[in-house]
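Engineer: I am sharing data.tsv, which consists of TSV, C-alpha atoms and all ligand atoms:
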```tsv
chain	number	residue	atom	x	y	z
A	252	MET	CA	12.00	-26.75	-5.65
A	253	ARG	CA	8.54	-26.98	-4.09
A	254	THR	CA	5.04	-27.14	-5.50
A	255	MET	CA	2.45	-24.79	-3.99
A	256	LYS	CA	-0.93	-23.24	-4.63
A	257	ALA	CA	-0.96	-19.74	-6.05
A	258	ALA	CA	-3.21	-17.29	-7.90
A	259	VAL	CA	-1.74	-16.72	-11.37
A	260	LEU	CA	-2.72	-13.84	-13.66
A	261	TYR	CA	-2.27	-14.84	-17.31
A	262	ASP	CA	-3.91	-11.86	-18.99
A	263	TYR	CA	-5.34	-8.45	-18.07
A	264	ASN	CA	-9.08	-8.39	-17.40
A	265	THR	CA	-9.28	-12.15	-16.89
A	266	PRO	CA	-9.73	-13.96	-13.57
A	267	MET	CA	-6.66	-15.17	-11.74
A	268	VAL	CA	-6.24	-18.95	-11.94
A	269	ILE	CA	-5.75	-20.85	-8.69
A	270	GLU	CA	-3.34	-23.63	-9.49
A	271	GLU	CA	-0.16	-25.43	-8.50
A	272	VAL	CA	3.08	-23.72	-9.46
A	273	GLN	CA	6.73	-24.33	-8.70
A	274	LEU	CA	8.96	-22.24	-6.47
A	275	ASP	CA	12.77	-22.60	-6.35
A	276	GLU	CA	14.66	-22.63	-3.08
A	277	PRO	CA	15.92	-19.18	-1.99
A	278	GLY	CA	19.18	-18.11	-3.61
A	279	THR	CA	22.00	-16.09	-2.07
A	280	GLY	CA	20.58	-13.23	0.00
A	281	GLU	CA	17.01	-14.50	-0.39
A	282	VAL	CA	14.45	-15.76	2.09
A	283	LEU	CA	11.58	-18.24	1.76
A	284	VAL	CA	8.44	-17.13	3.59
A	285	LYS	CA	5.34	-19.19	4.39
A	286	MET	CA	2.43	-16.83	3.95
A	287	THR	CA	-0.08	-16.15	6.73
A	288	ALA	CA	-2.18	-13.46	5.06
A	289	SER	CA	-2.06	-11.04	2.15
A	290	GLY	CA	-4.20	-7.92	1.67
A	291	VAL	CA	-6.42	-6.96	-1.26
A	292	CYS	CA	-5.18	-3.63	-2.63
A	293	ARG	CA	-5.94	-1.32	-5.52
A	294	SER	CA	-2.36	-1.58	-6.78
A	295	ASP	CA	-2.99	-5.21	-7.77
A	296	LEU	CA	-6.28	-4.12	-9.30
A	297	HIS	CA	-4.37	-1.62	-11.47
A	298	VAL	CA	-2.51	-4.60	-12.96
A	299	LEU	CA	-5.63	-6.78	-13.21
A	300	LYS	CA	-7.23	-4.04	-15.29
A	301	GLY	CA	-4.14	-3.43	-17.40
A	302	GLU	CA	-3.73	0.13	-16.06
A	303	TRP	CA	-0.22	-0.81	-15.02
A	304	GLN	CA	1.75	-3.09	-17.29
A	305	SER	CA	3.61	-5.85	-15.52
A	306	PRO	CA	5.19	-8.85	-17.23
A	307	LEU	CA	2.78	-11.80	-17.49
A	308	PRO	CA	2.02	-14.39	-16.30
A	309	THR	CA	2.46	-13.05	-12.81
A	310	ILE	CA	1.51	-13.69	-9.22
A	311	LEU	CA	0.13	-10.52	-7.65
A	312	GLY	CA	-0.02	-9.60	-3.95
A	313	HIS	CA	2.31	-7.19	-2.16
A	314	GLU	CA	0.99	-6.57	1.36
A	315	ALA	CA	1.63	-9.67	3.40
A	316	ALA	CA	3.02	-11.25	6.52
A	317	GLY	CA	4.21	-14.74	7.29
A	318	ARG	CA	6.99	-16.80	8.83
A	319	VAL	CA	10.46	-17.47	7.51
A	320	GLU	CA	10.58	-21.07	6.37
A	321	SER	CA	14.22	-21.18	5.26
A	322	VAL	CA	17.00	-18.84	4.19
A	323	GLY	CA	19.43	-18.84	1.29
A	324	PRO	CA	23.23	-18.58	1.55
A	325	GLY	CA	24.56	-15.45	3.22
A	326	VAL	CA	21.33	-14.45	4.97
A	327	THR	CA	22.03	-13.25	8.51
A	328	ARG	CA	19.19	-10.91	9.45
A	329	VAL	CA	16.39	-13.48	9.75
A	330	ALA	CA	16.17	-17.16	10.64
A	331	PRO	CA	13.57	-19.90	10.17
A	332	GLY	CA	10.52	-19.33	12.37
A	333	ASP	CA	10.86	-15.53	12.45
A	334	PRO	CA	7.63	-13.59	11.87
A	335	VAL	CA	8.08	-11.07	9.06
A	336	VAL	CA	6.18	-8.41	7.16
A	337	LEU	CA	7.00	-8.35	3.45
A	338	SER	CA	8.25	-5.08	1.99
A	339	PHE	CA	7.69	-4.48	-1.71
A	340	LYS	CA	10.67	-2.13	-1.83
A	341	PRO	CA	13.86	-4.08	-1.15
A	342	HIS	CA	16.89	-1.86	-0.62
A	343	CYS	CA	20.65	-2.20	-0.99
A	344	GLY	CA	21.74	-0.23	2.06
A	345	TYR	CA	24.60	1.52	0.26
A	346	CYS	CA	23.29	3.81	-2.47
A	347	GLU	CA	22.88	7.54	-1.96
A	348	TYR	CA	19.17	7.16	-1.12
A	349	CYS	CA	19.77	4.37	1.38
A	350	MET	CA	22.68	6.14	3.01
A	351	SER	CA	20.72	9.38	3.36
A	352	GLY	CA	17.80	7.70	5.12
A	353	ARG	CA	15.51	7.27	2.13
A	354	PRO	CA	15.68	3.53	1.40
A	355	HIS	CA	12.17	3.63	-0.11
A	356	LEU	CA	13.81	5.32	-3.11
A	357	CYS	CA	16.77	2.90	-3.27
A	358	ALA	CA	18.39	2.79	-6.70
A	359	GLY	CA	21.03	0.23	-5.88
A	360	LEU	CA	19.31	-3.06	-6.70
A	361	GLY	CA	19.07	-4.11	-10.32
A	362	GLY	CA	16.62	-6.32	-12.16
A	363	PRO	CA	13.68	-5.67	-14.47
A	364	ALA	CA	10.05	-5.47	-13.31
A	365	GLY	CA	8.61	-8.78	-12.23
A	366	THR	CA	11.92	-10.17	-11.02
A	367	LEU	CA	13.74	-10.29	-7.70
A	368	PRO	CA	16.83	-8.09	-7.24
A	369	GLY	CA	19.54	-9.31	-9.59
A	370	GLY	CA	16.89	-10.27	-12.14
A	371	HIS	CA	16.18	-13.67	-10.58
A	372	ILE	CA	12.90	-15.48	-11.22
A	373	ARG	CA	12.12	-18.24	-8.73
A	374	LEU	CA	8.53	-18.93	-9.82
A	375	SER	CA	7.54	-21.23	-12.69
A	376	LYS	CA	4.85	-23.50	-14.04
A	377	ASP	CA	5.99	-26.61	-15.91
A	378	GLY	CA	9.32	-24.97	-16.70
A	379	ASN	CA	7.87	-21.63	-17.90
A	380	PRO	CA	8.66	-18.53	-15.81
A	381	ILE	CA	6.05	-16.72	-13.74
A	382	TYR	CA	6.90	-13.16	-12.71
A	383	HIS	CA	7.05	-11.85	-9.13
A	384	PHE	CA	4.77	-8.81	-8.98
A	385	ALA	CA	6.17	-6.08	-6.71
A	386	ARG	CA	9.08	-8.37	-5.76
A	387	THR	CA	6.75	-10.09	-3.33
A	388	ALA	CA	4.16	-12.19	-5.26
A	389	SER	CA	2.31	-12.90	-2.04
A	390	PHE	CA	-0.88	-14.48	-3.42
A	391	ALA	CA	0.78	-17.86	-3.00
A	392	GLU	CA	1.37	-20.24	-0.11
A	393	TYR	CA	5.08	-19.36	-0.14
A	394	ALA	CA	7.24	-16.58	-1.54
A	395	VAL	CA	10.94	-16.13	-2.12
A	396	ILE	CA	11.93	-12.52	-1.42
A	397	HIS	CA	15.10	-10.47	-1.03
A	398	GLU	CA	16.47	-10.45	2.52
A	399	SER	CA	15.86	-6.70	2.86
A	400	SER	CA	12.18	-7.30	2.03
A	401	ALA	CA	11.76	-9.54	5.08
A	402	VAL	CA	11.08	-7.17	7.95
A	403	ARG	CA	11.33	-9.01	11.26
A	404	ILE	CA	8.69	-8.12	13.82
A	405	GLY	CA	8.00	-9.09	17.43
A	406	PRO	CA	6.98	-12.67	18.22
A	407	GLU	CA	3.81	-11.74	20.11
A	408	THR	CA	2.01	-10.24	17.16
A	409	SER	CA	-1.08	-11.15	15.09
A	410	LEU	CA	0.52	-11.99	11.78
A	411	GLU	CA	-2.81	-11.94	10.02
A	412	LEU	CA	-3.44	-8.25	10.72
A	413	ASP	CA	0.23	-7.37	10.33
A	414	ALA	CA	-0.14	-8.15	6.64
A	415	LEU	CA	-1.71	-4.70	6.37
A	416	VAL	CA	1.48	-3.13	7.65
A	417	GLY	CA	3.05	-4.33	4.40
A	418	CYS	CA	1.23	-1.63	2.42
A	419	PRO	CA	-1.77	0.42	3.57
A	420	VAL	CA	-0.62	1.17	7.14
A	421	THR	CA	2.98	1.94	6.17
A	422	THR	CA	1.85	4.00	3.17
A	423	GLY	CA	-0.98	5.88	4.90
A	424	VAL	CA	0.50	6.48	8.33
A	425	GLY	CA	3.93	7.09	6.78
A	426	ALA	CA	2.48	9.70	4.41
A	427	VAL	CA	1.40	11.65	7.49
A	428	LEU	CA	4.38	11.10	9.80
A	429	ASN	CA	7.26	10.89	7.31
A	430	THR	CA	6.33	12.52	4.00
A	431	ALA	CA	4.22	15.39	5.29
A	432	ALA	CA	5.41	15.47	8.92
A	433	VAL	CA	2.01	16.77	10.02
A	434	ARG	CA	2.27	19.08	13.03
A	435	PRO	CA	-0.13	18.78	15.97
A	436	GLY	CA	-3.11	21.08	15.59
A	437	SER	CA	-2.97	21.11	11.78
A	438	THR	CA	-5.97	20.70	9.52
A	439	VAL	CA	-6.00	17.77	7.12
A	440	ALA	CA	-8.16	16.63	4.19
A	441	VAL	CA	-8.06	13.05	2.90
A	442	ILE	CA	-9.43	12.44	-0.59
A	443	GLY	CA	-10.27	8.76	-1.03
A	444	CYS	CA	-11.10	6.68	2.05
A	445	GLY	CA	-10.20	3.15	0.98
A	446	GLY	CA	-7.67	0.92	2.71
A	447	VAL	CA	-4.84	3.42	2.34
A	448	GLY	CA	-6.96	6.55	2.98
A	449	LEU	CA	-8.25	5.17	6.29
A	450	ASN	CA	-4.64	4.86	7.39
A	451	VAL	CA	-3.93	8.45	6.42
A	452	ILE	CA	-6.91	9.37	8.58
A	453	GLN	CA	-5.77	7.39	11.60
A	454	GLY	CA	-2.19	8.61	11.07
A	455	ALA	CA	-3.48	12.19	11.15
A	456	ARG	CA	-5.43	11.46	14.33
A	457	PHE	CA	-2.27	10.03	15.89
A	458	ALA	CA	-0.27	13.08	14.77
A	459	GLY	CA	-2.72	15.35	16.58
A	460	ALA	CA	-4.50	16.95	13.64
A	461	SER	CA	-7.27	19.22	14.89
A	462	ARG	CA	-9.53	18.59	11.95
A	463	ILE	CA	-9.61	15.65	9.57
A	464	ILE	CA	-11.92	16.09	6.59
A	465	ALA	CA	-12.68	12.83	4.79
A	466	VAL	CA	-13.73	13.01	1.14
A	467	ASP	CA	-15.17	10.08	-0.79
A	468	ILE	CA	-17.95	9.23	-3.22
A	469	SER	CA	-19.49	6.62	-0.95
A	470	GLN	CA	-21.57	7.50	2.11
A	471	GLU	CA	-20.74	4.12	3.63
A	472	LYS	CA	-17.01	4.74	3.33
A	473	LEU	CA	-17.41	8.16	4.90
A	474	GLU	CA	-19.23	6.70	7.89
A	475	PHE	CA	-16.48	4.11	8.21
A	476	ALA	CA	-13.87	6.91	8.03
A	477	GLU	CA	-15.36	8.50	11.14
A	478	ARG	CA	-14.35	5.40	13.11
A	479	PHE	CA	-10.73	6.13	12.24
A	480	GLY	CA	-10.83	9.77	13.26
A	481	ALA	CA	-12.51	11.80	10.50
A	482	THR	CA	-14.07	14.87	12.10
A	483	ASP	CA	-15.93	16.04	8.97
A	484	THR	CA	-17.05	14.25	5.84
A	485	ILE	CA	-17.71	15.38	2.28
A	486	ASP	CA	-19.58	13.30	-0.27
A	487	ALA	CA	-17.89	14.44	-3.50
A	488	ARG	CA	-20.97	13.44	-5.53
A	489	GLU	CA	-23.17	15.86	-3.66
A	490	GLU	CA	-20.90	18.69	-2.60
A	491	ASP	CA	-18.21	20.61	-4.39
A	492	THR	CA	-15.11	19.46	-2.46
A	493	VAL	CA	-12.84	22.50	-2.68
A	494	PRO	CA	-15.32	25.25	-1.70
A	495	THR	CA	-16.66	23.03	1.10
A	496	ILE	CA	-13.16	22.46	2.51
A	497	ARG	CA	-12.40	26.18	2.24
A	498	LYS	CA	-15.63	27.01	4.06
A	499	LEU	CA	-15.01	24.46	6.82
A	500	THR	CA	-11.46	25.66	7.46
A	501	GLY	CA	-11.65	29.34	6.61
A	502	GLY	CA	-9.48	29.17	3.49
A	503	GLY	CA	-8.14	25.64	3.06
A	504	VAL	CA	-6.38	22.88	4.97
A	505	ASP	CA	-2.72	22.75	5.95
A	506	TYR	CA	-2.34	19.32	4.32
A	507	ALA	CA	-4.44	17.54	1.69
A	508	PHE	CA	-3.73	13.91	0.88
A	509	GLU	CA	-4.82	12.37	-2.42
A	510	VAL	CA	-5.33	8.67	-1.82
A	511	LEU	CA	-7.04	7.38	-4.92
A	512	GLY	CA	-4.60	7.79	-7.80
A	513	SER	CA	-6.17	10.14	-10.34
A	514	GLY	CA	-5.05	13.40	-11.90
A	515	GLU	CA	-8.37	15.03	-11.11
A	516	THR	CA	-8.15	14.32	-7.37
A	517	VAL	CA	-4.50	15.44	-7.23
A	518	ARG	CA	-5.77	18.76	-8.54
A	519	THR	CA	-8.53	18.79	-5.93
A	520	ALA	CA	-5.93	18.20	-3.20
A	521	PHE	CA	-3.77	21.03	-4.55
A	522	GLU	CA	-6.71	23.44	-4.60
A	523	ALA	CA	-7.93	22.40	-1.15
A	524	VAL	CA	-4.76	23.53	0.66
A	525	ARG	CA	-4.40	27.03	2.04
A	526	THR	CA	-1.64	29.46	1.17
A	527	GLY	CA	1.65	27.85	2.18
A	528	GLY	CA	-0.02	24.45	2.52
A	529	THR	CA	1.08	21.07	1.20
A	530	ALA	CA	-0.74	18.62	-1.06
A	531	ILE	CA	0.56	15.05	-0.99
A	532	ALA	CA	-0.11	12.58	-3.80
A	533	VAL	CA	-0.24	9.16	-2.13
A	534	GLY	CA	-2.39	7.27	-4.62
A	535	MET	CA	-0.57	5.74	-7.56
A	536	ALA	CA	-2.31	6.77	-10.75
A	537	ALA	CA	-2.60	4.84	-13.98
A	538	VAL	CA	0.55	5.25	-16.07
A	539	GLY	CA	0.27	8.29	-18.36
A	540	GLU	CA	-2.23	10.17	-16.18
A	541	TYR	CA	-1.57	13.91	-15.75
A	542	ALA	CA	-2.70	16.37	-13.07
A	543	ARG	CA	-3.47	19.96	-14.10
A	544	ILE	CA	-2.58	22.47	-11.43
A	545	ASP	CA	-2.60	26.26	-11.41
A	546	ALA	CA	1.07	27.15	-11.96
A	547	TYR	CA	0.45	30.74	-10.87
A	548	LEU	CA	-0.95	29.74	-7.49
A	549	LEU	CA	1.87	27.26	-6.97
A	550	ALA	CA	4.25	30.23	-6.78
A	551	ALA	CA	1.97	33.03	-5.61
A	552	GLN	CA	0.58	31.05	-2.68
A	553	GLU	CA	3.78	29.14	-2.11
A	554	LYS	CA	2.04	25.83	-2.16
A	555	THR	CA	3.88	22.52	-2.10
A	556	LEU	CA	2.86	19.51	-4.17
A	557	LYS	CA	4.66	16.42	-2.95
A	558	GLY	CA	4.69	12.79	-4.03
A	559	CYS	CA	4.69	10.00	-1.50
A	560	PHE	CA	5.95	6.51	-2.30
A	561	TYR	CA	5.34	3.79	0.28
A	562	GLY	CA	4.91	6.31	3.11
A	563	SER	CA	8.57	7.36	2.71
A	564	ALA	CA	9.20	4.25	4.80
A	565	ARG	CA	12.39	3.11	6.44
A	566	THR	CA	10.77	-0.29	6.55
A	567	HIS	CA	12.88	-1.95	9.25
A	568	ILE	CA	12.32	0.99	11.60
A	569	ASP	CA	8.77	2.00	10.73
A	570	MET	CA	6.97	-1.31	10.34
A	571	PRO	CA	7.78	-2.65	13.84
A	572	ARG	CA	6.85	0.78	15.23
A	573	TYR	CA	3.45	0.80	13.55
A	574	ILE	CA	2.81	-2.66	15.00
A	575	ALA	CA	3.84	-1.40	18.44
A	576	LEU	CA	1.47	1.56	18.04
A	577	ALA	CA	-1.32	-0.84	17.13
A	578	GLU	CA	-0.55	-2.94	20.21
A	579	ALA	CA	-0.69	0.24	22.30
A	580	GLY	CA	-4.15	1.00	20.91
A	581	LYS	CA	-2.98	4.08	19.00
A	582	LEU	CA	-3.53	2.60	15.54
A	583	ASP	CA	-6.47	0.34	14.68
A	584	LEU	CA	-5.63	-2.60	12.42
A	585	ASP	CA	-8.54	-4.75	13.54
A	586	SER	CA	-11.34	-2.56	12.22
A	587	LEU	CA	-9.63	-2.12	8.85
A	588	VAL	CA	-10.37	-5.71	7.87
A	589	THR	CA	-13.97	-6.22	6.92
A	590	ARG	CA	-13.72	-9.44	4.91
A	591	ARG	CA	-11.52	-12.55	4.99
A	592	TYR	CA	-11.26	-14.92	2.05
A	593	PRO	CA	-9.45	-18.17	1.29
A	594	LEU	CA	-7.10	-17.97	-1.72
A	595	ALA	CA	-9.69	-19.85	-3.80
A	596	GLU	CA	-12.01	-16.80	-3.55
A	597	ILE	CA	-9.45	-14.20	-4.58
A	598	ASN	CA	-11.36	-13.13	-7.70
A	599	GLU	CA	-14.40	-12.37	-5.56
A	600	ALA	CA	-12.18	-10.37	-3.23
A	601	TYR	CA	-11.05	-8.15	-6.14
A	602	ALA	CA	-14.59	-7.84	-7.47
A	603	ALA	CA	-15.59	-6.52	-4.01
A	604	LEU	CA	-12.75	-3.97	-4.08
A	605	ASP	CA	-13.75	-2.89	-7.58
A	606	ARG	CA	-17.41	-2.55	-6.49
A	607	GLY	CA	-16.28	-0.28	-3.67
A	608	ASP	CA	-17.11	-2.45	-0.67
A	609	VAL	CA	-16.06	-0.93	2.65
A	610	GLY	CA	-12.74	-1.70	4.41
A	611	ARG	CA	-9.91	-4.03	3.52
A	612	GLY	CA	-10.21	-7.60	2.31
A	613	LEU	CA	-7.64	-10.12	3.48
A	614	ILE	CA	-6.64	-13.39	1.85
A	615	VAL	CA	-5.91	-15.80	4.69
A	616	PHE	CA	-3.84	-18.91	4.01
A	701	LIG	N1	-13.31	11.49	-4.98
A	701	LIG	C1	-13.05	11.00	-3.75
A	701	LIG	N2	-12.92	9.68	-3.51
A	701	LIG	C2	-13.06	8.84	-4.52
A	701	LIG	C3	-13.33	9.29	-5.86
A	701	LIG	C4	-13.44	10.70	-6.05
A	701	LIG	N3	-13.67	11.21	-7.26
A	701	LIG	N4	-13.39	8.22	-6.67
A	701	LIG	C5	-13.18	7.12	-5.88
A	701	LIG	N5	-13.00	7.49	-4.59
A	701	LIG	C6	-12.75	6.65	-3.40
A	701	LIG	C7	-13.34	5.27	-3.47
A	701	LIG	O1	-14.70	5.27	-3.11
A	701	LIG	C8	-12.48	4.52	-2.44
A	701	LIG	O2	-13.01	4.62	-1.14
A	701	LIG	O3	-11.34	6.42	-3.29
A	701	LIG	C9	-11.14	5.26	-2.49
A	701	LIG	C10	-10.00	4.41	-3.06
A	701	LIG	O4	-9.78	3.36	-2.19
A	701	LIG	P1	-9.43	1.85	-2.62
A	701	LIG	O5	-10.10	1.53	-3.88
A	701	LIG	O6	-9.68	0.98	-1.42
A	701	LIG	O7	-7.87	1.93	-2.92
A	701	LIG	P2	-6.62	1.70	-1.94
A	701	LIG	O8	-6.28	0.25	-1.92
A	701	LIG	O9	-6.84	2.44	-0.69
A	701	LIG	O10	-5.46	2.39	-2.77
A	701	LIG	C11	-5.46	3.77	-3.04
A	701	LIG	O11	-3.07	3.93	-3.17
A	701	LIG	O12	-1.47	2.25	-3.12
A	701	LIG	C12	-2.22	3.10	-3.93
A	701	LIG	O13	-2.44	1.91	-6.00
A	701	LIG	C13	-3.11	2.33	-4.85
A	701	LIG	O14	-3.70	4.19	-6.18
A	701	LIG	C14	-4.16	3.35	-5.16
A	701	LIG	C15	-4.28	4.15	-3.87
A	702	ZN	ZN	19.99	1.57	-1.90
A	703	ZN	ZN	-1.08	-2.17	-1.43
```
Can I see the file as structure tokens?
Ligand code: APR
Ligand code: ZN
Ligand code: ZN
Structural biologist:
Amino acid sequence: MRTMKAAVLYDYNTPMVIEEVQLDEPGTGEVLVKMTASGVCRSDLHVLKGEWQSPLPTILGHEAAGRVESVGPGVTRVAPGDPVVLSFKPHCGYCEYCMSGRPHLCAGLGGPAGTLPGGHIRLSKDGNPIYHFARTASFAEYAVIHESSAVRIGPETSLELDALVGCPVTTGVGAVLNTAAVRPGSTVAVIGCGGVGLNVIQGARFAGASRIIAVDISQEKLEFAERFGATDTIDAREEDTVPTIRKLTGGGVDYAFEVLGSGETVRTAFEAVRTGGTAIAVGMAAVGEYARIDAYLLAAQEKTLKGCFYGSARTHIDMPRYIALAEAGKLDLDSLVTRRYPLAEINEAYAALDRGDVGRGLIVF
């Protein structure tokens, strides 16, 4: 057992407490990672605000990279010293989803929310359990994760920026390349240009989209989106999104991505696609939120409404590839990060996200 600094959330809508907690050694099939950096994402904010229930107290954080410190019994895929990106969707490798190439939907690992596969809890404070949010709990100096959650990457990489591959890059770029399989020359709209939305935009640029229409309610975010490949921008406070997209494209886009997580914007995405087009819900809404869509048009215009979880990622294939694409200058990780914070300033980092500050914040250890 080791003692380490972590950010602990005791109750919704209260600040996280930076304090010393205890972490057990990795068990069978588990890996201990020393954290390099962990990104500031809206998914954690959903929990902070109580929009998603997660057992408390908990350590948040789910987009991170670091180095393997030690491994538990039976671990063969990684060794101490290996650089890894953390995946918040561990997978068994044997269930129907895993075997059919969809490990992001794996149903083969048990354990309730807030625990590691098998129901294990390795975090505690003075003998009382602390839950592992998203099976990663990366807002801590160290984390114990399932072996399949430790995605080994090349040695020559910037681990700090690679933290973003743990969520926004894999989700955003994967939504384009895997979930939607955007064809070169297609037209794309992206509703919500935060950390994940910017990666949908640069994924669409990489996929060869001819037009990428960025939609947001912040002029600053729209200007930032242009750096990642947006060809047109719509300020949803000033313009009516759907008619504007229809006008720009002569009837609607081929693909519209919702990257905020609200029923209203899922509907906007559905209405913004042309006949035969596809709307993809990437944002994760608050639990209990519904999207109203026109059931007649769904059939009559043969539209597709598709969900996207974690960029439909095959993490051990996709994550190293996204890093290679970044190294080749085809994806931009550098510009995504606009602010770096020590762990002690994590509450300020989430206040900045909530305020709508531009780009991604990164907690650097
Ligand atoms: N129309 C368009 N854009 C909007 C609207 C709206 N009505 N309301 C908010 N936005 C914009 C915000 O200005 C912001 O730029 O949506 C963006 C959301 O980005 P972030 O808050 O940075 O969220 P992000 O971390 O990118 O996550 C987006 O993906 O992983 C999930 O849980 C996560 O649901 C969340 C989503
Ligand atoms: Zn599985
Ligand atoms: Zn995230």
Engineer: May I ask you to write as a count of residues only all residues lying at most 9 Å from ligand ZN 703 (chain A), with all atoms listed in the file counted?
Structural biologist: 17
Engineer: List all protein, DNA and RNA residues that have an atom no more than 7 Å from any atom of ligand ZN 702 (chain A), counting all atoms listed in the file, and report them as a PyMOL selection string.
Structural biologist: chain A and resi 342-349+354+357-360
Engineer: What is the distance between CA of Leu374 in chain A and CA of Val282 in chain A, in Å to one decimal?
Structural biologist: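 Answer for the CA of Leu374 in chain A to CA of Val282 in chain A separation: 13.7 Å.
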Engineer: Using Å and a single decimal, report how far CA of Asp569 in chain A sits from CA of Ala388 in chain A.
Structural biologist: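 Rounded to one decimal, the two atoms are 21.9 Å apart.
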Engineer: Contacts of Gly280 in chain A at 7 Å or less, counting only C-alpha atoms, minus same-chain residues fewer than 4 places along, as an MDAnalysis selection string?
Structural biologist: chainID A and resid 323:326 397:398
Engineer: List all protein, DNA and RNA residues that have an atom no more than 8 Å from any atom of ligand LIG 701 (chain A), counting all atoms listed in the file, and report them as number ranges by chain.
Structural biologist: A: 291-297, 418-419, 422, 442-449, 466-469, 472, 486-488, 510-513, 515-516, 533-537, 561, 604-605, 607, 609-611
Engineer: Name all residues at most 10 Å from range 379-384 of chain A (count only C-alpha atoms; drop same-chain ones fewer than 4 positions away) and give them as a VMD selection string.
Structural biologist: chain A and resid 259 to 261 272 to 274 295 298 305 to 313 339 364 to 367 371 to 375 388 to 390 394 to 396
Engineer: From the set A:Asp505, A:Asp545, A:Glu474, A:Asp377, which residue has the shortest atom-to-atom contact distance to Ala431 in chain A, counting only C-alpha atoms?
Structural biologist: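 Of A:Asp505, A:Asp545, A:Glu474, A:Asp377, the one nearest Ala431 in chain A, counting only C-alpha atoms, is A:Asp505.
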Engineer: Which value, in Å to one decimal, gives the distance between CA of Ala458 in chain A and CA of Ala550 in chain A?
Structural biologist: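 So the answer is 27.9 Å.
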Engineer: Using all atoms listed in the file, determine which residues lie at most 7 Å from Val336 in chain A, disregarding the query and same-chain residues fewer than 3 positions distant; provide the list as a ChimeraX atom specification.
Structural biologist: /A:315-317,401-403,413-414,417
Engineer: Residues of the last selection are to be written out with C-alpha atoms, as a PDB file, in the coordinates of the input.
Structural biologist:
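So selection_23.pdb came out as:
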```
ATOM      1  CA  ALA A 315       1.630  -9.670   3.400  1.00  0.00           C
ATOM      2  CA  ALA A 316       3.020 -11.250   6.520  1.00  0.00           C
ATOM      3  CA  GLY A 317       4.210 -14.740   7.290  1.00  0.00           C
ATOM      4  CA  ALA A 401      11.760  -9.540   5.080  1.00  0.00           C
ATOM      5  CA  VAL A 402      11.080  -7.170   7.950  1.00  0.00           C
ATOM      6  CA  ARG A 403      11.330  -9.010  11.260  1.00  0.00           C
ATOM      7  CA  ASP A 413       0.230  -7.370  10.330  1.00  0.00           C
ATOM      8  CA  ALA A 414      -0.140  -8.150   6.640  1.00  0.00           C
ATOM      9  CA  GLY A 417       3.050  -4.330   4.400  1.00  0.00           C
TER      10      GLY A 417
END
```
Engineer: Looking at A:Arg353, A:Lys340, A:Arg525, A:Arg434, which one is nearest to Thr555 in chain A, with distances taken over all atoms listed in the file?
Structural biologist: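 Closest to Thr555 in chain A of all the choices is A:Arg525.
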Engineer: Got a sec: who's within 7 Å of Leu613 in chain A, counting all atoms listed in the file, leaving out chain neighbours fewer than 6 positions off, as a PyMOL selection string?
Structural biologist: chain A and resi 288-291+588+590-592
Engineer: Can you patch up range 496-506 of chain A, filling it in to N, CA and C atoms, and show the result as an mmCIF file, in the frame of the given file?
Structural biologist:
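Here's the written file rebuild.cif:
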```cif
data_model
loop_
_atom_site.group_PDB
_atom_site.id
_atom_site.type_symbol
_atom_site.label_atom_id
_atom_site.label_comp_id
_atom_site.auth_asym_id
_atom_site.auth_seq_id
_atom_site.Cartn_x
_atom_site.Cartn_y
_atom_site.Cartn_z
ATOM 1 N N ILE A 496 -14.333 22.503 1.615
ATOM 2 C CA ILE A 496 -13.160 22.460 2.510
ATOM 3 C C ILE A 496 -12.744 23.882 2.899
ATOM 4 N N ARG A 497 -12.792 24.782 1.936
ATOM 5 C CA ARG A 497 -12.400 26.180 2.240
ATOM 6 C C ARG A 497 -13.342 26.780 3.278
ATOM 7 N N LYS A 498 -14.641 26.459 3.136
ATOM 8 C CA LYS A 498 -15.630 27.010 4.060
ATOM 9 C C LYS A 498 -15.415 26.422 5.466
ATOM 10 N N LEU A 499 -15.181 25.123 5.516
ATOM 11 C CA LEU A 499 -15.010 24.460 6.820
ATOM 12 C C LEU A 499 -13.790 24.957 7.571
ATOM 13 N N THR A 500 -12.755 25.347 6.817
ATOM 14 C CA THR A 500 -11.460 25.660 7.460
ATOM 15 C C THR A 500 -11.105 27.142 7.372
ATOM 16 N N GLY A 501 -11.969 27.932 6.762
ATOM 17 C CA GLY A 501 -11.650 29.340 6.610
ATOM 18 C C GLY A 501 -10.484 29.567 5.664
ATOM 19 N N GLY A 502 -10.489 28.868 4.526
ATOM 20 C CA GLY A 502 -9.480 29.170 3.490
ATOM 21 C C GLY A 502 -8.695 27.991 2.972
ATOM 22 N N GLY A 503 -8.875 26.828 3.558
ATOM 23 C CA GLY A 503 -8.140 25.640 3.060
ATOM 24 C C GLY A 503 -7.398 24.937 4.182
ATOM 25 N N VAL A 504 -7.072 23.681 3.945
ATOM 26 C CA VAL A 504 -6.380 22.880 4.970
ATOM 27 C C VAL A 504 -4.865 23.079 4.890
ATOM 28 N N ASP A 505 -4.186 22.714 5.953
ATOM 29 C CA ASP A 505 -2.720 22.750 5.950
ATOM 30 C C ASP A 505 -2.155 21.647 5.048
ATOM 31 N N TYR A 506 -2.806 20.475 5.105
ATOM 32 C CA TYR A 506 -2.340 19.320 4.320
ATOM 33 C C TYR A 506 -3.532 18.645 3.652
#
```
